[in-house]
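Below is one structure, written out as structure tokens; the observations come after it.
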Amino acid sequence: MYLVYQPEGSDEPTRWKYFPRKLMSAEREMLERRTTRNFTEFTKDVMQGNSLCRRALLFMFLKRDHPGTKYEDVDYAWDELTLEYSKGELIAMREEAEEKAPEDRREEILAQLDREIADAYDDPEEEGKARPPIAD
């Protein structure tokens, strides 16, 4: 999964690989302090669209690239920040949906996933099965 940031007026989005299990302890602790959530709750809230959690996550990635970034300076329009699955993650979801999606909606779900797969970012470094972007 990727956190994708494209502020108004920029030509290309910035894309960061978001894999919660690989974040370092200092980053996890900062995210917990900023959001007052334990890390497992934080990862779930990011997926559910919590603005505070997404802002903290954007801050973390921006600070990696620009160490002088201040939290107070991180402000974005809702449509400038998205979470996107990679092509490999979507393919894994489709394979699971082929088996587990409700029969009466299966074709609709598979067609939607096919559209998303066609437009998805293809990560050349992705290996094997994609893991869910939620920390246990």
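Order determines the names: the first chain of the structure tokens is A, the second B, and so forth; residues in each chain are numbered 1 upward, and ligands are numbered 1 upward as they are shown.
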Might you pull out every residue within 8 Å of Ala118 (chain A), with only C-alpha atoms counted and same-chain residues fewer than 3 positions away left off, and present them as a tab-separated table (two decimals) with N, CA and C atoms, in the first residue's frame?
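For reference, out-v3.tsv as written:
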```tsv
chain	number	residue	atom	x	y	z
A	87	LYS	N	-0.55	-2.95	-7.52
A	87	LYS	CA	-1.12	-3.93	-8.44
A	87	LYS	C	-1.09	-5.33	-7.81
A	114	ASP	N	-10.78	-5.55	-11.36
A	114	ASP	CA	-10.08	-5.54	-12.65
A	114	ASP	C	-9.79	-4.10	-13.11
A	115	ARG	N	-10.77	-3.20	-12.93
A	115	ARG	CA	-10.56	-1.79	-13.29
A	115	ARG	C	-9.45	-1.17	-12.44
```
Please identify all polymer residues within 10 Å of Arg34 (chain A), counting only C-alpha atoms, omitting same-chain residues fewer than 6 positions from it, and present them as an MDAnalysis selection string. chainID A and resid 28 52:53 55:57 71
Within 12 Å of Val4 (chain A) using only C-alpha atoms, minus same-chain residues under 4 positions, as a list in words: Glu12, Pro13, Thr14, Arg15, Trp16, Lys17, Tyr18, Arg54, Leu57, Leu58, Phe61, Leu62, Tyr76, Trp78, Asp79, Glu80, Leu81, Thr82, Leu83, Glu84, Tyr85, Ser86 and Tyr121 of chain A
Could you give me the residues within chain A that DSSP places in helix (DSSP H, G or I), as a ChimeraX atom specification? /A:20-22,25-35,39-47,51-65,71-73,78-80,87-100,106-119
Spatial neighbours of Arg37 (chain A), 12 Å, only C-alpha atoms, chain gap at least 4 places, as a list in words: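 Once the adjacent positions are removed, what remains is Arg28, Glu29, Met30, Leu31, Glu32, Arg33, Glu41, Phe42, Thr43, Lys44, Asp45, Val46, Asn50, Leu52, Cys53 and Ala56 of chain A.
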Using only N, CA and C atoms, please write the residues we just selected to a file, as an mmCIF file, in the first residue's frame.
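Okay, this is what ended up in selection_37.cif:
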```
data_model
loop_
_atom_site.group_PDB
_atom_site.id
_atom_site.type_symbol
_atom_site.label_atom_id
_atom_site.label_comp_id
_atom_site.auth_asym_id
_atom_site.auth_seq_id
_atom_site.Cartn_x
_atom_site.Cartn_y
_atom_site.Cartn_z
ATOM 1 N N ARG A 28 6.857 4.828 15.215
ATOM 2 C CA ARG A 28 5.607 4.311 15.794
ATOM 3 C C ARG A 28 5.239 5.086 17.051
ATOM 4 N N GLU A 29 6.226 5.338 17.894
ATOM 5 C CA GLU A 29 5.967 6.073 19.135
ATOM 6 C C GLU A 29 5.520 7.504 18.843
ATOM 7 N N MET A 30 6.140 8.147 17.862
ATOM 8 C CA MET A 30 5.733 9.506 17.493
ATOM 9 C C MET A 30 4.292 9.499 17.015
ATOM 10 N N LEU A 31 3.922 8.515 16.207
ATOM 11 C CA LEU A 31 2.545 8.426 15.700
ATOM 12 C C LEU A 31 1.564 8.203 16.845
ATOM 13 N N GLU A 32 1.944 7.388 17.812
ATOM 14 C CA GLU A 32 1.081 7.161 18.975
ATOM 15 C C GLU A 32 0.911 8.441 19.788
ATOM 16 N N ARG A 33 2.002 9.174 19.998
ATOM 17 C CA ARG A 33 1.913 10.435 20.764
ATOM 18 C C ARG A 33 1.058 11.464 20.035
ATOM 19 N N GLU A 41 -4.471 0.487 16.748
ATOM 20 C CA GLU A 41 -5.627 1.355 16.491
ATOM 21 C C GLU A 41 -5.299 2.391 15.414
ATOM 22 N N PHE A 42 -4.091 2.938 15.486
ATOM 23 C CA PHE A 42 -3.653 3.926 14.506
ATOM 24 C C PHE A 42 -3.744 3.360 13.089
ATOM 25 N N THR A 43 -3.204 2.149 12.880
ATOM 26 C CA THR A 43 -3.198 1.591 11.522
ATOM 27 C C THR A 43 -4.615 1.349 11.019
ATOM 28 N N LYS A 44 -5.500 0.918 11.895
ATOM 29 C CA LYS A 44 -6.900 0.722 11.496
ATOM 30 C C LYS A 44 -7.552 2.058 11.163
ATOM 31 N N ASP A 45 -7.278 3.077 11.977
ATOM 32 C CA ASP A 45 -7.881 4.389 11.739
ATOM 33 C C ASP A 45 -7.365 5.043 10.456
ATOM 34 N N VAL A 46 -6.110 4.796 10.118
ATOM 35 C CA VAL A 46 -5.583 5.288 8.835
ATOM 36 C C VAL A 46 -6.411 4.706 7.700
ATOM 37 N N ASN A 50 -9.327 8.300 9.084
ATOM 38 C CA ASN A 50 -9.206 9.269 10.164
ATOM 39 C C ASN A 50 -8.221 10.371 9.772
ATOM 40 N N LEU A 52 -6.799 12.872 11.520
ATOM 41 C CA LEU A 52 -5.681 13.066 12.429
ATOM 42 C C LEU A 52 -4.585 12.031 12.169
ATOM 43 N N CYS A 53 -4.980 10.785 12.000
ATOM 44 C CA CYS A 53 -4.007 9.719 11.753
ATOM 45 C C CYS A 53 -3.323 9.890 10.400
ATOM 46 N N ALA A 56 -0.775 12.733 10.654
ATOM 47 C CA ALA A 56 0.431 12.291 11.361
ATOM 48 C C ALA A 56 1.295 11.403 10.466
#
```
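Between CA of Glu95 (chain A) and CA of Ile109 (chain A) lies a distance of 11.3 Å.
Near Leu113 (chain A), within 9 Å and counting only C-alpha atoms, sit A:Leu90, A:Ile91, A:Met93, A:Arg94, A:Glu108, A:Ile109, A:Leu110, A:Glu116, A:Ile117, A:Ala118; same-chain residues fewer than 3 positions away were not included.
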